[in-house]
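Colleague: Structure supplied as protein.txt; contents: compact mmCIF, C-alpha atoms.
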# COMPACT_ATOMS: atom_id res chain seq x y z
CA MET R 447 179.49 -162.99 61.21
CA HIS R 448 177.11 -160.86 63.29
CA THR R 449 178.26 -159.79 66.74
CA TYR R 450 175.51 -159.09 69.27
CA ILE R 451 176.68 -156.88 72.13
CA HIS R 452 174.60 -155.11 74.73
CA ALA R 453 174.94 -151.37 74.11
CA MET R 454 175.43 -149.04 77.04
CA GLU R 455 172.16 -147.21 77.75
CA ILE R 456 172.51 -143.49 78.46
CA ALA R 457 168.99 -142.04 78.39
CA SER R 458 165.48 -142.45 76.99
CA CYS R 459 162.11 -140.70 76.91
CA TYR R 460 158.85 -140.67 74.98
CA LEU R 461 157.97 -137.95 72.47
CA GLU R 462 154.59 -136.27 71.92
CA GLY R 463 154.02 -137.94 68.55
CA ASN R 464 155.29 -140.64 66.21
CA ALA R 465 159.06 -140.14 66.06
CA ASP R 466 160.74 -140.11 62.63
CA ALA R 467 163.93 -137.99 62.71
CA VAL R 468 166.76 -137.11 65.08
CA GLU R 469 169.83 -134.96 64.36
CA PHE R 470 172.76 -133.91 66.57
CA CYS R 471 173.95 -130.33 66.13
CA PRO R 472 177.38 -130.25 64.38
CA HIS R 473 178.24 -126.75 65.62
CA ASP R 474 180.51 -125.94 68.55
CA PRO R 475 179.63 -125.40 71.43
CA PHE R 476 176.28 -127.13 70.83
CA HIS R 477 177.45 -130.67 70.06
CA HIS R 478 175.48 -131.98 73.04
CA ILE R 479 172.22 -130.59 71.58
CA PHE R 480 170.04 -132.63 69.25
CA ALA R 481 166.68 -132.12 67.56
CA ALA R 482 163.90 -134.71 67.33
CA ALA R 483 160.88 -134.51 65.01
CA THR R 484 157.49 -136.20 64.94
CA TYR R 485 154.73 -136.85 62.41
CA THR R 486 151.32 -138.11 63.59
CA LEU R 487 148.24 -138.73 61.47
CA HIS R 488 144.98 -137.94 63.28
CA GLU R 489 141.90 -139.36 61.57
CA LYS R 490 138.84 -137.09 61.96
CA GLY R 491 136.47 -139.17 59.88
CA GLU R 492 136.29 -141.26 56.74
CA SER R 493 137.36 -138.39 54.49
CA GLU R 494 139.23 -136.03 56.80
CA SER R 495 142.59 -136.25 58.56
CA HIS R 496 145.12 -133.97 60.24
CA ARG R 497 148.89 -134.47 60.12
CA ALA R 498 150.41 -132.96 63.26
CA GLY R 499 154.03 -132.69 64.31
CA THR R 500 156.45 -131.39 66.91
CA ILE R 501 160.07 -130.27 66.90
CA SER R 502 162.00 -130.70 70.15
CA LEU R 503 165.49 -129.80 71.33
CA PHE R 504 167.26 -131.97 73.89
CA SER R 505 170.50 -131.64 75.79
CA CYS R 506 172.45 -134.88 76.02
CA SER R 507 175.10 -135.05 78.74
CA PRO R 508 176.28 -138.67 79.04
CA LEU R 509 178.22 -137.98 82.22
CA SER R 510 175.47 -135.98 83.91
CA THR R 511 173.83 -137.14 87.11
CA ASP R 512 170.90 -134.76 86.74
CA SER R 513 167.92 -136.56 85.22
CA GLY R 514 166.54 -133.33 83.73
CA ASP R 515 162.97 -132.76 82.56
CA ASP R 516 160.97 -135.47 80.78
CA ALA R 517 163.79 -137.99 81.02
CA SER R 518 163.44 -141.51 82.38
CA ASN R 519 167.22 -141.91 82.75
CA THR R 520 170.11 -139.61 83.49
CA GLY R 521 171.64 -137.31 80.93
CA LEU R 522 168.64 -136.16 78.82
CA ARG R 523 166.87 -132.81 79.22
CA LEU R 524 164.09 -131.29 77.16
CA LEU R 525 165.02 -127.69 76.30
CA HIS R 526 162.44 -126.64 73.72
CA ARG R 527 159.33 -128.04 72.05
CA GLU R 528 156.80 -126.57 69.66
CA GLU R 529 153.88 -127.89 67.68
CA MET R 530 153.69 -127.55 63.91
CA PRO R 531 152.54 -129.57 60.87
CA GLY R 532 153.92 -133.09 60.65
CA ILE R 533 157.66 -133.15 59.96
CA PHE R 534 159.25 -135.72 57.65
CA ASP R 535 162.88 -134.62 57.91
CA ILE R 536 165.23 -132.17 59.63
CA LYS R 537 168.82 -131.16 58.97
CA TRP R 538 171.28 -128.80 60.71
CA SER R 539 173.27 -126.37 58.58
CA PRO R 540 176.82 -127.54 57.78
CA ALA R 541 179.68 -126.71 60.13
CA GLY R 542 183.37 -126.33 59.37
CA GLU R 543 185.46 -124.82 56.59
CA GLY R 544 183.61 -123.80 53.45
CA SER R 545 180.22 -124.10 55.10
CA GLY R 546 179.50 -120.38 54.99
CA SER R 547 177.30 -120.99 58.01
CA ALA R 548 175.86 -118.21 60.14
CA CYS R 549 177.06 -117.42 63.66
CA GLN R 550 174.25 -119.52 65.09
CA PRO R 551 173.30 -123.03 63.89
CA LEU R 552 170.30 -123.28 61.58
CA LEU R 553 167.82 -126.15 61.44
CA ALA R 554 165.91 -126.92 58.23
CA LEU R 555 162.52 -128.66 58.56
CA ALA R 556 160.60 -130.36 55.73
CA ASP R 557 156.89 -130.75 56.45
CA VAL R 558 153.75 -132.49 55.20
CA ASP R 559 152.16 -129.27 53.92
CA GLY R 560 154.95 -128.73 51.39
CA PHE R 561 156.80 -126.07 53.41
CA LEU R 562 160.50 -125.73 54.09
CA SER R 563 161.25 -123.85 57.29
CA ILE R 564 164.56 -122.53 58.65
CA ARG R 565 164.92 -122.05 62.39
CA GLU R 566 167.86 -120.51 64.21
CA LEU R 567 169.19 -121.95 67.45
CA GLN R 568 168.91 -119.19 70.05
CA ALA R 569 171.24 -119.34 73.06
CA ASP R 570 171.36 -117.23 76.21
CA VAL R 571 174.90 -117.76 77.48
CA ALA R 572 174.02 -116.57 80.96
CA ASN R 573 171.41 -119.30 81.38
CA GLY R 574 173.36 -122.14 79.76
CA ASP R 575 171.21 -124.88 78.22
CA LYS R 576 168.08 -123.42 79.85
CA GLY R 577 168.32 -120.43 77.49
CA ILE R 578 168.31 -122.52 74.29
CA SER R 579 165.36 -122.39 71.89
CA LEU R 580 164.52 -122.25 68.17
CA LYS R 581 163.38 -119.13 66.33
CA GLU R 582 161.83 -119.25 62.86
CA ILE R 583 163.66 -116.98 60.42
CA CYS R 584 161.93 -118.02 57.17
CA ASN R 585 159.26 -120.37 55.87
CA GLU R 586 158.61 -121.09 52.18
CA LYS R 587 155.92 -123.08 50.37
CA VAL R 588 157.95 -125.36 48.12
CA SER R 589 155.17 -127.48 46.65
CA SER R 590 151.56 -128.62 47.00
CA SER R 591 153.08 -132.08 47.58
CA MET R 592 154.67 -133.22 50.84
CA CYS R 593 158.33 -132.42 51.52
CA LEU R 594 159.93 -135.76 52.39
CA TYR R 595 163.64 -135.02 52.79
CA VAL R 596 165.95 -132.01 53.03
CA ASP R 597 169.71 -131.55 52.62
CA TRP R 598 172.10 -128.57 52.76
CA ARG R 599 174.80 -127.84 50.23
CA GLN R 600 178.14 -127.64 52.06
CA SER R 601 178.40 -123.91 51.32
CA GLY R 602 175.18 -123.34 53.29
CA ASP R 603 173.68 -121.14 50.57
CA SER R 604 171.19 -123.63 49.13
CA LEU R 605 169.15 -126.70 50.00
CA SER R 606 167.55 -129.59 48.16
CA VAL R 607 164.12 -131.04 48.94
CA SER R 608 162.57 -134.28 47.68
CA LEU R 609 158.80 -134.44 47.27
CA SER R 610 155.99 -136.97 47.41
CA ASP R 611 155.09 -136.39 43.74
CA GLY R 612 158.56 -137.60 42.68
CA SER R 613 160.05 -134.20 41.99
CA VAL R 614 163.16 -132.59 43.47
CA SER R 615 163.55 -128.88 44.21
CA LEU R 616 166.60 -126.68 44.72
CA ILE R 617 166.10 -123.75 47.09
CA SER R 618 168.46 -120.80 47.42
CA PHE R 619 168.96 -119.42 50.92
CA THR R 620 170.06 -115.96 52.01
CA GLU R 621 170.00 -114.43 55.50
CA SER R 622 166.23 -114.48 55.83
CA GLU R 623 164.83 -115.70 52.51
CA LEU R 624 164.18 -119.03 50.82
CA LYS R 625 163.50 -119.11 47.08
CA VAL R 626 162.87 -122.09 44.80
CA SER R 627 165.51 -121.83 42.07
CA GLN R 628 164.52 -124.93 40.12
CA SER R 629 162.29 -127.97 40.33
CA TRP R 630 162.04 -131.00 38.07
CA ALA R 631 160.28 -134.36 37.76
CA ALA R 632 163.14 -136.57 38.95
CA HIS R 633 161.12 -139.74 39.57
CA LYS R 634 157.80 -141.43 38.78
CA PHE R 635 156.87 -142.06 42.42
CA GLU R 636 157.78 -140.66 45.86
CA SER R 637 161.29 -139.20 45.94
CA TRP R 638 162.46 -140.35 49.38
CA THR R 639 165.88 -138.75 49.47
CA THR R 640 168.05 -136.09 47.87
CA ASN R 641 171.67 -135.42 48.85
CA PHE R 642 174.37 -133.05 47.67
CA ASP R 643 177.76 -134.57 46.91
CA ILE R 644 180.08 -133.40 49.71
CA PHE R 645 183.13 -133.15 47.43
CA ASN R 646 181.43 -132.08 44.16
CA PRO R 647 178.67 -129.71 45.30
CA HIS R 648 177.17 -129.30 41.82
CA LEU R 649 176.18 -132.99 41.90
CA LEU R 650 172.96 -134.10 43.59
CA TYR R 651 171.79 -137.67 44.29
CA SER R 652 168.21 -138.84 44.61
CA GLY R 653 166.39 -142.08 45.39
CA SER R 654 162.76 -143.03 44.94
CA ASP R 655 159.95 -145.53 45.30
CA ASP R 656 160.41 -146.19 41.55
CA CYS R 657 163.57 -148.18 42.51
CA CYS R 658 165.77 -145.60 40.76
CA PHE R 659 168.98 -144.14 42.15
CA CYS R 660 170.02 -141.01 40.23
CA CYS R 661 172.68 -138.32 40.04
CA TRP R 662 171.97 -134.82 38.69
CA ASP R 663 174.17 -131.97 37.44
CA THR R 664 172.62 -128.89 39.07
CA ARG R 665 174.63 -126.45 36.94
CA GLN R 666 171.94 -126.92 34.31
CA ASN R 667 168.34 -125.72 34.70
CA PRO R 668 166.53 -127.99 34.90
CA SER R 669 169.22 -130.29 36.25
CA LEU R 670 170.44 -132.95 33.83
CA PRO R 671 170.87 -136.64 34.76
CA VAL R 672 174.47 -137.77 35.13
CA PHE R 673 173.25 -141.34 35.62
CA ARG R 674 170.02 -143.20 36.35
CA ASN R 675 170.31 -146.67 37.88
CA SER R 676 167.04 -148.61 37.77
CA LYS R 677 168.31 -152.20 37.96
CA SER R 678 170.27 -152.60 41.20
CA HIS R 679 167.54 -152.02 43.80
CA THR R 680 164.57 -154.40 43.76
CA MET R 681 162.43 -152.03 45.85
CA GLY R 682 162.33 -148.31 46.60
CA VAL R 683 165.54 -146.40 47.38
CA CYS R 684 165.11 -144.79 50.82
CA CYS R 685 168.44 -143.08 51.44
CA VAL R 686 171.76 -142.05 49.91
CA SER R 687 174.79 -141.33 52.08
CA GLN R 688 178.38 -140.39 51.39
CA SER R 689 181.57 -141.23 53.23
CA THR R 690 182.98 -138.03 54.73
CA SER R 691 186.54 -139.30 54.19
CA ASN R 692 186.32 -141.19 50.88
CA PRO R 693 185.05 -139.15 47.89
CA ASN R 694 184.80 -142.34 45.80
CA MET R 695 182.39 -144.17 48.11
CA LEU R 696 178.61 -143.79 48.16
CA LEU R 697 176.06 -145.79 50.16
CA THR R 698 172.41 -146.49 49.42
CA GLY R 699 169.68 -148.04 51.54
CA SER R 700 166.50 -149.62 50.21
CA TYR R 701 163.20 -151.20 51.18
CA ASP R 702 164.75 -154.39 49.77
CA GLU R 703 166.67 -154.55 53.10
CA SER R 704 170.12 -154.08 51.55
CA LEU R 705 172.83 -151.55 52.23
CA ARG R 706 174.89 -151.14 49.04
CA VAL R 707 178.39 -149.71 48.73
CA TRP R 708 179.13 -147.93 45.45
CA ASP R 709 182.34 -146.90 43.71
CA ILE R 710 181.60 -143.56 42.02
CA ARG R 711 184.99 -142.86 40.45
CA SER R 712 183.22 -143.13 37.12
CA SER R 713 180.54 -140.51 37.79
CA SER R 714 178.44 -141.53 34.79
CA LYS R 715 178.39 -145.24 35.69
CA PRO R 716 178.78 -146.07 39.40
CA LEU R 717 179.71 -149.65 40.26
CA THR R 718 178.15 -151.70 43.05
CA GLU R 719 181.17 -152.90 45.02
CA LYS R 720 179.37 -154.90 47.68
CA SER R 721 176.18 -155.12 49.73
CA ILE R 722 174.72 -156.62 52.88
CA CYS R 723 171.18 -157.59 53.89
CA LEU R 724 170.26 -155.92 57.18
CA GLY R 725 166.94 -157.70 57.69
CA GLY R 726 164.75 -154.61 57.42
CA GLY R 727 164.19 -151.73 55.05
CA VAL R 728 167.23 -149.44 55.27
CA TRP R 729 165.63 -146.05 55.95
CA ARG R 730 168.70 -144.05 57.04
CA ILE R 731 172.49 -144.47 56.87
CA LYS R 732 174.75 -142.15 58.88
CA PRO R 733 178.57 -142.35 58.56
CA HIS R 734 180.53 -142.14 61.80
CA PRO R 735 181.98 -138.60 62.07
CA TYR R 736 185.46 -139.85 63.06
CA ILE R 737 185.82 -143.53 62.08
CA SER R 738 186.03 -143.68 58.30
CA ASP R 739 184.58 -147.14 57.58
CA ILE R 740 181.80 -147.24 60.22
CA VAL R 741 178.15 -146.32 59.60
CA ILE R 742 174.92 -146.77 61.50
CA ALA R 743 171.75 -147.82 59.71
CA ALA R 744 168.10 -147.46 60.74
CA CYS R 745 166.53 -150.72 59.56
CA MET R 746 162.81 -150.14 60.10
CA HIS R 747 161.46 -153.55 61.26
CA ASN R 748 164.90 -154.75 62.41
CA GLY R 749 166.23 -152.05 64.74
CA PHE R 750 169.54 -150.28 64.25
CA SER R 751 172.83 -151.75 62.99
CA VAL R 752 176.40 -150.54 63.39
CA VAL R 753 178.08 -151.61 60.15
CA LYS R 754 181.72 -151.76 59.03
CA VAL R 755 181.75 -151.04 55.31
CA GLY R 756 185.52 -151.58 55.07
CA GLY R 757 187.94 -150.84 52.28
CA GLU R 758 187.94 -151.98 48.66
CA ARG R 759 188.72 -155.63 49.33
CA GLU R 760 187.00 -155.96 52.69
CA GLU R 761 183.52 -157.38 53.14
CA VAL R 762 180.67 -155.49 54.80
CA LEU R 763 180.04 -156.63 58.38
CA VAL R 764 177.39 -155.97 61.02
CA LEU R 765 179.32 -155.25 64.21
CA GLU R 766 176.39 -154.65 66.53
CA ARG R 767 172.60 -154.56 66.50
CA TYR R 768 170.51 -152.36 68.76
CA GLU R 769 167.04 -153.77 69.36
CA LYS R 770 165.67 -151.72 72.27
CA HIS R 771 163.02 -150.00 70.13
CA GLY R 772 159.58 -151.54 69.84
CA SER R 773 158.49 -150.28 66.42
CA LEU R 774 159.78 -148.88 63.12
CA ALA R 775 163.40 -147.71 63.43
CA TYR R 776 163.52 -144.40 61.55
CA GLY R 777 165.71 -141.65 63.01
CA VAL R 778 169.37 -142.03 64.01
CA ASP R 779 172.50 -139.90 64.30
CA TRP R 780 175.97 -139.74 65.85
CA MET R 781 177.07 -137.07 68.31
CA LYS R 782 179.87 -134.84 67.00
CA GLY R 783 182.55 -132.86 68.84
CA GLU R 784 185.56 -133.58 71.04
CA ASN R 785 183.68 -135.77 73.53
CA ALA R 786 182.43 -137.90 70.66
CA ARG R 787 186.00 -138.51 69.46
CA ASN R 788 186.58 -140.57 72.59
CA ASP R 789 183.16 -142.17 72.96
CA SER R 790 180.72 -142.89 70.13
CA ILE R 791 177.26 -141.67 71.19
CA VAL R 792 174.08 -142.40 69.22
CA ALA R 793 170.55 -140.97 69.39
CA SER R 794 167.78 -143.06 67.82
CA CYS R 795 164.00 -142.92 67.61
CA SER R 796 161.17 -145.23 66.59
CA PHE R 797 157.82 -144.36 65.09
CA TYR R 798 154.70 -145.90 66.63
CA ASP R 799 156.02 -146.29 70.19
CA ARG R 800 157.29 -142.67 70.11
CA LEU R 801 160.50 -143.72 71.82
CA LEU R 802 163.73 -141.71 71.86
CA ARG R 803 166.94 -143.35 73.11
CA VAL R 804 170.55 -142.26 73.58
CA TRP R 805 173.12 -145.06 73.78
CA LYS R 806 176.72 -146.04 73.24
CA PRO R 807 177.68 -148.90 70.89
CA GLN R 808 180.05 -151.24 72.69
CA CYS R 809 181.67 -152.66 69.54
CA LEU R 810 183.62 -149.46 68.92
CA GLY R 811 185.10 -148.95 72.38
CA LYS R 812 187.11 -145.76 72.49
CA SER R 813 187.00 -144.03 69.08
Starting from the file, lay out its structure as C-alpha cells.

Modeller:
Amino acid sequence: MHTYIHAMEIASCYLEGNADAVEFCPHDPFHHIFAAATYTLHEKGESESHRAGTISLFSCSPLSTDSGDDASNTGLRLLHREEMPGIFDIKWSPAGEGSGSACQPLLALADVDGFLSIRELQADVANGDKGISLKEICNEKVSSSMCLYVDWRQSGDSLSVSLSDGSVSLISFTESELKVSQSWAAHKFESWTTNFDIFNPHLLYSGSDDCCFCCWDTRQNPSLPVFRNSKSHTMGVCCVSQSTSNPNMLLTGSYDESLRVWDIRSSSKPLTEKSICLGGGVWRIKPHPYISDIVIAACMHNGFSVVKVGGEREEVLVLERYEKHGSLAYGVDWMKGENARNDSIVASCSFYDRLLRVWKPQCLGKS
C-alpha cells in the first residue's frame, strides 16, 4: 500500500544548468553543507556541441530565518559556485573510523571529458559559512571516454570510476596525486555505476546498460569477476547501493523501474530476495544514515520515493512519494550529523527544470 503524504518544504532554488547530482557532506562540522552538480549540452551546430557544468556549495539550515543568497525559501544559501566541464557524478570522501580522510573534506568530481578531479573544502572559521569554498588539489585524465560515476573506498586511499565505454577504472589517491592503477572492460555498454563494498573493501560492484550487475575482486590485476548477473534486470542497471548496517544486503536500481533487494551472503551467487516497481527508472538509491531499513530512491520520470526495504520476511513498501519536481529526478541525498538524527532532511534535484529542493519526509517523523 502506497502512502501519499505532503512533505515539509524547507527550501528551493534553481541552478545554472541541468541538475544531476547532490551530496551532503558527511564530515563534522560541515553536515549542513551540500554540493550540487550540473551537466548541460549546448548545441553549436549540426556537428558541434559543448558540454558545460557547474559545481555549487550550499548551506542548508532548516531552522534559519535568513533566506540567504539565491534562495526562494528560507534556509538555503549559495556559498560557492564555479564553472567546469559537465559533471556526471560527485562524491565526498568517507568520514568516520577507518576512513583515513584528510583534515578537510574532499569532493571527487567525475566529468564528461574523462577527468577525475579532487577538490578540498576550504573553511575560514572567522567568517563562518561565508568563508567556505572548494580548492582543486588534483585533476587526472582517466579516459578518453566520459566518467559517469565515482566512489571512494572506505579507507580514502583509492577511488573507482565507471566509464561510458563500459570499462571501470581504479585510481589510487595520495595527498595531491591521482594515478590509474588498473582499468578493465567490465561491460559491453555504458557502465553507469561502480561501488566499493563497505564491509569487504576489496570487492567492487558495477552495473551497466548491458543489463549486467557484477562483482569484482580488485586484489587481482585486472580485477576478476566474482559474479556476473545478466538475467535479473530487464533493462540497464543504473545504481548499486549497500545497507550501512547490514553487510548481507545489497540494493540495485534499474531502468526497468524496479528496486531489487539482494542477499549477498553467498558472494559468488547473490539471491534476489524481493523487489518493488517504483514507476520510473531507479537512477539513485541512498540508504538512510540512521534508520537501517529506509532508503530514498530517485525515480527519473516518477519523482522520489521513500522506501522501507524491511527485514528478511518483510515486504518492500513505498512510504512516501515526493512529486514537487517537474522533470527527471536524478540527484538525492540525506543530511548527516546530530541534527539529522532527530529530523530526516533530504536534498533532491531534477534535470531539465534545473530545480534544487530541500525537504523533510513526513512519514518518518522524528528519527

Colleague: So that I can see what lies close to region 558-568 of chain R, please list as a count of residues only the residues with an atom at most 6 Å from it, counting all atoms listed in the file and leaving out residues fewer than 3 positions away in the same chain.

Modeller: 22

Colleague: What is the distance between CA of Pro671 (chain R) and CA of Ser700 (chain R), in Å to one decimal?

Modeller: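 Computing it gives 20.6 Å between the two atoms.
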
Colleague: What's the 8 Å shell around region 736-744 of chain R, counting all atoms listed in the file, without same-chain residues fewer than 6 positions away, as a PDB file with C-alpha atoms, keeping the file's coordinate frame?

Modeller:
ATOM      1  CA  SER R 689     181.570-141.230  53.230  1.00  0.00           C
ATOM      2  CA  THR R 690     182.980-138.030  54.730  1.00  0.00           C
ATOM      3  CA  SER R 691     186.540-139.300  54.190  1.00  0.00           C
ATOM      4  CA  ASN R 692     186.320-141.190  50.880  1.00  0.00           C
ATOM      5  CA  VAL R 728     167.230-149.440  55.270  1.00  0.00           C
ATOM      6  CA  TRP R 729     165.630-146.050  55.950  1.00  0.00           C
ATOM      7  CA  ARG R 730     168.700-144.050  57.040  1.00  0.00           C
ATOM      8  CA  PHE R 750     169.540-150.280  64.250  1.00  0.00           C
ATOM      9  CA  SER R 751     172.830-151.750  62.990  1.00  0.00           C
ATOM     10  CA  VAL R 752     176.400-150.540  63.390  1.00  0.00           C
ATOM     11  CA  VAL R 753     178.080-151.610  60.150  1.00  0.00           C
ATOM     12  CA  LYS R 754     181.720-151.760  59.030  1.00  0.00           C
ATOM     13  CA  VAL R 755     181.750-151.040  55.310  1.00  0.00           C
ATOM     14  CA  GLY R 756     185.520-151.580  55.070  1.00  0.00           C
ATOM     15  CA  GLY R 757     187.940-150.840  52.280  1.00  0.00           C
ATOM     16  CA  ALA R 775     163.400-147.710  63.430  1.00  0.00           C
ATOM     17  CA  TYR R 776     163.520-144.400  61.550  1.00  0.00           C
ATOM     18  CA  GLY R 777     165.710-141.650  63.010  1.00  0.00           C
ATOM     19  CA  VAL R 778     169.370-142.030  64.010  1.00  0.00           C
ATOM     20  CA  ASP R 779     172.500-139.900  64.300  1.00  0.00           C
ATOM     21  CA  ARG R 787     186.000-138.510  69.460  1.00  0.00           C
ATOM     22  CA  SER R 813     187.000-144.030  69.080  1.00  0.00           C
TER      23      SER R 813
END

Colleague: Near Leu605 (chain R), within 7 Å and counting only C-alpha atoms, which residues show up once chain neighbours fewer than 2 positions away are dropped, as a ChimeraX atom specification?

Modeller: /R:596-599,607,616-618

Colleague: Give me, as a tab-separated table, the closest atom pair and its distance (Å, one decimal) for every residue of region 533-571 of chain R within a cut-off of 10 Å of region 453-468 of chain R, counting only C-alpha atoms, rows sorted by chain and rising number.

Modeller:
residue	atom	partner	partner_atom	distance
R:Ile533	CA	R:Asp466	CA	8.1
R:Phe534	CA	R:Asp466	CA	6.8
R:Asp535	CA	R:Ala467	CA	6.0
R:Ile536	CA	R:Ala467	CA	6.7
R:Lys537	CA	R:Val468	CA	8.8

Colleague: I'd like the contact shell of Lys806 (chain R) - 10 Å cut-off, all atoms listed in the file, skipping same-chain residues fewer than 5 positions apart - returned as a PyMOL selection string.

Modeller: chain R and resi 452-456+508+768+780+789-793+811

Colleague: Using only C-alpha atoms for the distances, tell me which of R:Ser622, R:Thr486, R:Ser613, R:Ser539 is nearest to Gln600 (chain R).

Modeller: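 Closest candidate: R:Ser539.
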
Colleague: How far is it from CA of Cys661 (chain R) to CA of Gly727 (chain R), in Å with one decimal?

Modeller: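 These two atoms are separated by 21.8 Å.
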
Colleague: Excluding same-chain residues fewer than 6 positions from Leu705 (chain R), what lies within 6 Å of it counting only C-alpha atoms, as number ranges by chain?

Modeller: R: 698-699, 721-722

Colleague: Could you tell me which of R:Gln550, R:Asn694, R:Gln628, R:Gln666 comes closest to Pro472 (chain R) if we count only C-alpha atoms?

Modeller: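 Going through R:Gln550, R:Asn694, R:Gln628, R:Gln666 one by one, the smallest distance to Pro472 (chain R) is for R:Gln550.
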
Colleague: In Å, with one decimal, what is the gap from CA of Phe619 (chain R) to CA of Asp603 (chain R)?

Modeller: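 Between CA of Phe619 (chain R) and CA of Asp603 (chain R) the gap works out to 5.0 Å.
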
Colleague: Looking at R:Pro531, R:Gly783, R:Gly772, R:Pro693, which one is nearest to Pro735 (chain R), with distances taken over all atoms listed in the file?

Modeller: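 The shortest atom-to-atom distance to Pro735 (chain R) comes from R:Gly783.
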
Colleague: Nearest residue to Arg800 (chain R) out of R:Ile731, R:Cys506, R:Met781, R:Leu774, using only C-alpha atoms?

Modeller: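 Of R:Ile731, R:Cys506, R:Met781, R:Leu774, the one nearest Arg800 (chain R) is R:Leu774, counting only C-alpha atoms.
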
Colleague: Within 10 Å of (166.8, -128.1, 79.2) (file coordinates; all atoms listed in the file), which protein or nucleic acid residues are there? I'd like them as a list in words.

Modeller: Ile479, Leu503, Phe504, Ser505, Cys506, Gly514, Asp515, Asp516, Leu522, Arg523, Leu524, Leu525, His526, Gly574, Asp575, Lys576, Gly577, Ile578 and Ser579 of chain R
